[in-house]
Amino acid sequence: MSADKLSDPKSVDRLTPQEARDEHRALARDIAEHDQRYYQEDAPTVSDADYDALRQRYEALEDRFPELRSEESLTQKVGAKVSEKFKKIRHRVPMLSLANGFTDEDVQEFVERIRRFLQIKDGAPLVFTAEPKIDGLSLSLRYEHGRLVSAATRGDGAEGEDVTANARTVHDIPHVLKGHDVPEICEVRGEVYLSHADFAAINERQEAAGKPPFANPRNAAAGSLRQLDSAITASRPLKFFAYAWGEMSAMPSTTQHGMIAAFNSFGLKTNPWTKLCSSVEEMLAHYHAIEEDRANLGYDIDGVVYKVDDLSLQERLGFVSRSPRWALAHKFPAQKAVTVLEDIEIFVGRTGSLNPVAKLKPVTVGGVVVSNATLHNEDYIRGIGGDGQPIRNGVDIRIGDTVVVLRAGDVIPKVLDVVLDKRPADSKPYVFPTRCPVCDSHAVREVNPRTGREDSVRRCTGGLICSAQARERLKHFVSRNAFDIEGLGGQRIEELYDEKLILQPQDIFTLAERNARGLQRLENREGWGGTSVKNLFNAIEARRSIDLNRFIFALGIPHIGETTAKLLARHFGSFEALREAAKAAVDHEGETYDDLTSIGGIGEVVADAIVEFFKEAHNETMLDALLAQVKPTPIEVALTDTPVAGKTVVFTGSLEQMTREEAKAMAERLGAKVAGSVSKKTDIVVAGPGAGSKLDKAREFGVQVMDEDGWFALVGRK
Ligand code: IVH
């Protein structure tokens, strides 16, 4: 059973669109917070399994309600922002992530999807490798002429940290590769990790030295590798397993297992639990064998990774957003623990949502100390779902209760259940506040006019006067995927907000000028130095021009995540065009509204949110002031110089030389948009045998029609 099914009060299929939207939004926030703690602070508060459960639920919501597939699709992101301490190294081949699966069915589907994509019939051979997923941090080692020249962390996938000096101190990382057949350029990728025994010894030393212990082996490994002083890294017995590669001037093998064997012959460590499997049954059997031996391995793993063995098939399968289609991480189930709920605190989010957080008696769940957990919303605490249906057998959650906490992945843990036998006799039901704990405005649960349902989230009605909302909006504005202003993190924003120096986004860009004129200069305040102020102002200056998609994302329009912001940026090209369209789209029957909702990935929910945002006079005022300071620049579209770039293509009929998915992926790679139906806006219809009404329509509209050969001739490849 999957982690999310264990903990989920309500299956995704039973959610109303409004509930799904709310939950999707709440999850996006939770996940972002966990990412921040994990990547920026090296201090996660939830287990990997919990984190995965959150992400899985998030993806399930998007699968069931595709209109939610907006930018908040955290599925688009990989990993962490690069820390400033180290030089940066740009990965010549991006370091991507893995799609996750949790159940046997997920593995079955993964294999079926691949068979469909490649049109390999059931029964025809298809081989996978299966190996442990090491819970460490990934590292890319670049060897030139057999010598180690650089080592980089994954960072954001495109650019990592240069940790070469530290990597050289790792015993498992050879300075020179062995053998005569090492390619001239050979980028080996793998995982740096710590054994349980070494982790325990390091923590003992930390505590003896009066330093805080590391939460788990992975954090200790990360902390050890990212040391400015290599001598410290050298004193920590880090280990390394090779499992993948980046740039290679020649390929030593045509299979995944052959590559691993080659790395092994070059003198690198590879995982002994790697096995070839030719069926789902064999894959699952290996998964369970590894799971059974997990405790004896001596190092942390969090699942099993399956990879298509034939590299030419890997190439055909390609990637989807951040992960390869040819691999799956089959994660181990979430872990649970029992502890006492000491208090419930309410955190007010950017959109005014009152989010209840459980303050727990600290408890270790799967190696991480947990003291906070989400309680989702008011109904969840009352033991009912958003539709009034009982959850957790209708049991409510009270302060003083002994509760079951679930931690999965690197995410926020959740309170899963109550141990009723242990409920104190004098406990009382929790009364959810009906006023905002920050600004004291009324907090209400709106009724959705479309569905007539009450929102499961209670929101502060304070809007602009609520300082919590204003602060959270500002934090979002400067966050990593938005303006990403170095030196202006959450704490600084709070400080500058409290001092009334930054109340709205535009204030950020007039701060330097006001500071120069001001009496109480920042550089003279406690906690600020001349250099930090100068660096901050430089960082702000550098953002006066910013990618259009980031600008759109930064505005914090509900439902506009990074992906949607990118879609909008690509579609409209300039902010002014978006703004005009949003204003014209007030008329839902008009052409502009249709145009907005015809952008793939943008549904009515998103379109409505855009229209609402631009309708507000105070947003208009803010935008005018902000645009006087900042210039959003159109984003670069991947490929613009191909014969089909910018064109809308429809594939119809049966394709014989490529699968439908391959055709779509190819067209999109070449900068074309792929549509499902033919309209006047269609530029090209690629019709295979058996094409029916779409072909007729194309003829009717005078759209260019071609067969598969014509398509290959046009795009210049076969
Ligand atoms: S393959 C293109 N194999 O898991 C993806 N990754 O969640 C190549 N990881 O970033 C990665 N063990 O840090 C691969 N046996 C394994 C792994 C593994 C751990 C990590 C790796 C990756 C992350 C993705």
# chains A, B, ... in the order shown; residues from 1 in each chain; ligands from 1

call {"tool": "residues_near_ligand", "arguments": {"ligand": "ligand 1", "cutoff": "9 Å", "atoms": "only C-alpha atoms and all ligand atoms", "output": "ChimeraX atom specification"}}
result
/A:78-79,94-100,130-139,154,157,189-192,241-245,271,274,301-307,319,322-324,326-329

call {"tool": "residues_around", "arguments": {"residues": "segment 58-63 of chain A", "least_positions_apart": "2", "cutoff": "9 Å", "atoms": "only C-alpha atoms", "output": "list of chain:residue names"}}
result
A:Val12, A:Asp13, A:Ala20, A:Arg21, A:Glu23, A:His24, A:Leu27, A:Ala28, A:Ala53, A:Leu54, A:Arg55, A:Gln56, A:Phe65, A:Pro66, A:Glu67, A:Leu68, A:Arg69, A:Ser70, A:Ser73, A:Leu74, A:Thr75

call {"tool": "select_by_dssp", "arguments": {"residues": "segment 327-476 of chain A", "states": "strand (DSSP E or B)", "output": "PyMOL selection string"}}
result
chain A and resi 327-331+335-348+353-365+368-374+384+390+402-410+414-418+435+442-444+447+454+459-460

call {"tool": "write_last_selection", "arguments": {"atoms": "C-alpha atoms", "output": "compact mmCIF listing (two decimals), in the first residue's frame"}}
result
# COMPACT_ATOMS: atom_id res chain seq x y z
CA ALA A 327 13.86 4.87 -14.80
CA LEU A 328 11.74 4.59 -11.69
CA ALA A 329 12.60 4.94 -8.02
CA HIS A 330 10.44 2.43 -6.14
CA LYS A 331 10.40 3.92 -2.66
CA GLN A 335 7.52 5.36 8.66
CA LYS A 336 5.35 6.06 11.66
CA ALA A 337 5.84 6.93 15.32
CA VAL A 338 3.65 7.67 18.32
CA THR A 339 4.01 10.84 20.39
CA VAL A 340 2.04 13.50 22.28
CA LEU A 341 0.39 16.50 20.66
CA GLU A 342 1.44 19.33 22.96
CA ASP A 343 -0.14 22.26 21.16
CA ILE A 344 -1.71 23.45 17.94
CA GLU A 345 -0.37 26.58 16.31
CA ILE A 346 -1.92 28.43 13.42
CA PHE A 347 0.32 29.64 10.63
CA VAL A 348 -1.14 32.21 8.23
CA SER A 353 -5.10 30.37 4.76
CA LEU A 354 -5.09 29.44 8.44
CA ASN A 355 -2.88 26.37 8.51
CA PRO A 356 -2.88 24.34 11.72
CA VAL A 357 0.48 22.92 12.75
CA ALA A 358 0.85 20.23 15.43
CA LYS A 359 3.53 20.94 18.01
CA LEU A 360 4.70 17.50 19.06
CA LYS A 361 6.77 16.09 21.84
CA PRO A 362 9.93 15.45 19.76
CA VAL A 363 10.06 11.91 18.44
CA THR A 364 12.42 10.09 16.10
CA VAL A 365 10.75 8.75 12.98
CA VAL A 368 14.83 12.16 11.93
CA VAL A 369 13.60 14.08 14.94
CA VAL A 370 10.11 15.39 14.32
CA SER A 371 8.48 18.10 16.41
CA ASN A 372 6.07 19.69 13.91
CA ALA A 373 3.45 18.05 11.74
CA THR A 374 0.66 19.25 9.56
CA ILE A 384 -14.37 14.93 8.97
CA PRO A 390 -15.98 11.12 8.61
CA THR A 402 -1.30 10.66 21.87
CA VAL A 403 -1.06 10.69 18.10
CA VAL A 404 0.40 8.61 15.28
CA VAL A 405 2.78 10.65 13.15
CA LEU A 406 3.64 9.65 9.61
CA ARG A 407 6.84 10.75 7.98
CA ALA A 408 7.53 10.02 4.33
CA GLY A 409 10.30 11.47 2.27
CA ASP A 410 11.79 14.85 2.94
CA LYS A 414 1.45 14.58 9.25
CA VAL A 415 -0.68 13.58 12.18
CA LEU A 416 -2.27 10.43 10.91
CA ASP A 417 -4.34 9.15 13.78
CA VAL A 418 -5.21 9.39 17.47
CA ARG A 435 -10.25 35.22 13.72
CA HIS A 442 -12.52 37.52 10.66
CA ALA A 443 -11.41 34.23 9.21
CA VAL A 444 -14.03 32.59 7.04
CA VAL A 447 -18.60 28.98 -0.30
CA GLU A 454 -17.68 25.33 1.71
CA ARG A 459 -8.99 32.24 5.37
CA CYS A 460 -8.19 35.54 6.98

call {"tool": "atom_distance", "arguments": {"atom1": "atom CA of Glu144 of chain A", "atom2": "atom CA of Thr129 of chain A"}}
result
27.7 Å

call {"tool": "residues_around", "arguments": {"residues": "Glu661 of chain A", "least_positions_apart": "2", "cutoff": "10 Å", "atoms": "only C-alpha atoms", "output": "PyMOL selection string"}}
result
chain A and resi 116-118+317+658-659+663-667

call {"tool": "residues_around", "arguments": {"residues": "Gly383 of chain A", "least_positions_apart": "5", "cutoff": "9 Å", "atoms": "only C-alpha atoms", "output": "MDAnalysis selection string"}}
result
chainID A and resid 378 389:397

call {"tool": "decode", "arguments": {"residues": "segment 411-556 of chain A", "atoms": "C-alpha atoms", "output": "CSV table (one decimal), in the first residue's frame"}}
result
chain,number,residue,atom,x,y,z
A,411,VAL,CA,8.4,16.3,3.6
A,412,ILE,CA,6.4,17.7,6.4
A,413,PRO,CA,5.1,14.9,8.6
A,414,LYS,CA,1.5,14.6,9.2
A,415,VAL,CA,-0.7,13.6,12.2
A,416,LEU,CA,-2.3,10.4,10.9
A,417,ASP,CA,-4.3,9.1,13.8
A,418,VAL,CA,-5.2,9.4,17.5
A,419,VAL,CA,-4.6,6.6,20.1
A,420,LEU,CA,-8.0,7.0,21.7
A,421,ASP,CA,-7.2,4.7,24.7
A,422,LYS,CA,-4.7,7.3,25.8
A,423,ARG,CA,-6.9,10.4,25.5
A,424,PRO,CA,-6.8,12.3,28.8
A,425,ALA,CA,-10.2,12.3,30.6
A,426,ASP,CA,-10.4,16.0,30.8
A,427,SER,CA,-9.4,16.8,27.1
A,428,LYS,CA,-11.7,19.1,25.1
A,429,PRO,CA,-12.3,19.3,21.4
A,430,TYR,CA,-10.0,21.9,19.7
A,431,VAL,CA,-11.8,25.1,18.8
A,432,PHE,CA,-10.5,26.4,15.5
A,433,PRO,CA,-10.0,30.2,15.6
A,434,THR,CA,-12.5,32.2,13.6
A,435,ARG,CA,-10.3,35.2,13.7
A,436,CYS,CA,-6.8,35.6,12.2
A,437,PRO,CA,-4.2,35.1,14.9
A,438,VAL,CA,-2.1,37.8,13.3
A,439,CYS,CA,-4.4,40.7,12.4
A,440,ASP,CA,-7.6,39.7,14.2
A,441,SER,CA,-9.7,40.0,11.1
A,442,HIS,CA,-12.5,37.5,10.7
A,443,ALA,CA,-11.4,34.2,9.2
A,444,VAL,CA,-14.0,32.6,7.0
A,445,ARG,CA,-14.7,29.6,4.9
A,446,GLU,CA,-15.9,30.8,1.6
A,447,VAL,CA,-18.6,29.0,-0.3
A,448,ASN,CA,-17.6,28.2,-3.8
A,449,PRO,CA,-20.2,29.7,-6.2
A,450,ARG,CA,-19.6,27.0,-8.8
A,451,THR,CA,-20.0,24.0,-6.5
A,452,GLY,CA,-22.0,25.4,-3.5
A,453,ARG,CA,-19.4,23.8,-1.2
A,454,GLU,CA,-17.7,25.3,1.7
A,455,ASP,CA,-13.9,25.7,1.3
A,456,SER,CA,-12.0,23.4,3.6
A,457,VAL,CA,-9.5,26.2,4.3
A,458,ARG,CA,-10.4,29.0,6.6
A,459,ARG,CA,-9.0,32.2,5.4
A,460,CYS,CA,-8.2,35.5,7.0
A,461,THR,CA,-10.2,38.3,5.4
A,462,GLY,CA,-7.7,40.9,6.3
A,463,GLY,CA,-6.1,41.0,2.8
A,464,LEU,CA,-3.7,43.9,2.6
A,465,ILE,CA,-4.0,44.8,6.2
A,466,CYS,CA,-2.9,41.3,7.4
A,467,SER,CA,0.8,41.5,8.0
A,468,ALA,CA,1.2,37.8,7.9
A,469,GLN,CA,-0.2,37.6,4.3
A,470,ALA,CA,1.9,40.6,3.2
A,471,ARG,CA,5.1,39.1,4.6
A,472,GLU,CA,4.4,35.7,3.1
A,473,ARG,CA,3.7,37.3,-0.3
A,474,LEU,CA,7.0,39.2,0.0
A,475,LYS,CA,8.8,36.0,0.9
A,476,HIS,CA,7.4,34.4,-2.1
A,477,PHE,CA,8.4,37.3,-4.3
A,478,VAL,CA,12.0,37.0,-3.3
A,479,SER,CA,12.1,33.2,-3.2
A,480,ARG,CA,14.4,31.0,-5.1
A,481,ASN,CA,12.2,30.4,-8.2
A,482,ALA,CA,10.9,34.0,-8.2
A,483,PHE,CA,13.2,37.0,-7.9
A,484,ASP,CA,15.8,34.9,-6.0
A,485,ILE,CA,17.5,37.9,-4.3
A,486,GLU,CA,20.6,36.7,-2.6
A,487,GLY,CA,20.8,38.1,1.0
A,488,LEU,CA,17.1,38.7,1.2
A,489,GLY,CA,15.7,35.6,2.8
A,490,GLY,CA,12.6,35.1,5.0
A,491,GLN,CA,14.2,36.6,8.1
A,492,ARG,CA,15.5,39.7,6.4
A,493,ILE,CA,12.1,40.3,4.8
A,494,GLU,CA,10.4,40.0,8.2
A,495,GLU,CA,12.9,42.5,9.7
A,496,LEU,CA,12.5,45.0,6.9
A,497,TYR,CA,8.8,44.6,6.9
A,498,ASP,CA,8.6,45.2,10.6
A,499,GLU,CA,10.7,48.3,10.2
A,500,LYS,CA,8.3,49.4,7.4
A,501,LEU,CA,11.2,49.6,5.0
A,502,ILE,CA,9.7,47.0,2.6
A,503,LEU,CA,6.0,46.7,2.6
A,504,GLN,CA,5.4,45.9,-1.0
A,505,PRO,CA,7.5,44.3,-3.7
A,506,GLN,CA,8.3,47.6,-5.4
A,507,ASP,CA,9.9,48.9,-2.1
A,508,ILE,CA,12.7,46.4,-2.6
A,509,PHE,CA,14.0,48.4,-5.5
A,510,THR,CA,13.9,51.8,-3.9
A,511,LEU,CA,15.5,50.5,-0.7
A,512,ALA,CA,19.1,51.5,-1.7
A,513,GLU,CA,18.0,55.0,-2.6
A,514,ARG,CA,16.0,55.5,0.6
A,515,ASN,CA,18.8,54.0,2.6
A,516,ALA,CA,21.3,56.5,1.2
A,517,ARG,CA,19.0,59.4,2.2
A,518,GLY,CA,17.9,57.9,5.5
A,519,LEU,CA,19.0,58.7,9.0
A,520,GLN,CA,19.1,55.2,10.4
A,521,ARG,CA,21.1,53.4,7.7
A,522,LEU,CA,21.0,49.6,7.4
A,523,GLU,CA,24.7,49.3,7.6
A,524,ASN,CA,24.6,50.8,11.1
A,525,ARG,CA,22.0,48.4,12.4
A,526,GLU,CA,22.8,45.3,14.4
A,527,GLY,CA,23.2,42.2,12.3
A,528,TRP,CA,24.1,44.1,9.2
A,529,GLY,CA,27.6,45.1,8.0
A,530,GLY,CA,28.7,47.4,5.3
A,531,THR,CA,29.6,44.5,3.1
A,532,SER,CA,26.3,42.6,3.5
A,533,VAL,CA,24.3,45.8,2.7
A,534,LYS,CA,26.5,46.4,-0.3
A,535,ASN,CA,26.0,42.8,-1.5
A,536,LEU,CA,22.3,43.0,-0.9
A,537,PHE,CA,22.0,46.2,-3.0
A,538,ASN,CA,24.1,44.7,-5.7
A,539,ALA,CA,21.9,41.6,-5.7
A,540,ILE,CA,18.8,43.8,-5.9
A,541,GLU,CA,20.3,45.8,-8.8
A,542,ALA,CA,21.0,42.6,-10.7
A,543,ARG,CA,17.3,41.8,-10.7
A,544,ARG,CA,16.1,45.0,-12.3
A,545,SER,CA,15.9,42.8,-15.4
A,546,ILE,CA,14.4,39.5,-14.9
A,547,ASP,CA,13.0,36.6,-16.9
A,548,LEU,CA,9.4,37.1,-17.7
A,549,ASN,CA,8.3,33.7,-16.3
A,550,ARG,CA,10.0,34.4,-13.0
A,551,PHE,CA,8.3,37.8,-12.9
A,552,ILE,CA,4.9,36.3,-13.4
A,553,PHE,CA,5.6,33.6,-10.9
A,554,ALA,CA,6.8,36.1,-8.3
A,555,LEU,CA,3.4,37.9,-8.3
A,556,GLY,CA,2.0,35.1,-6.4
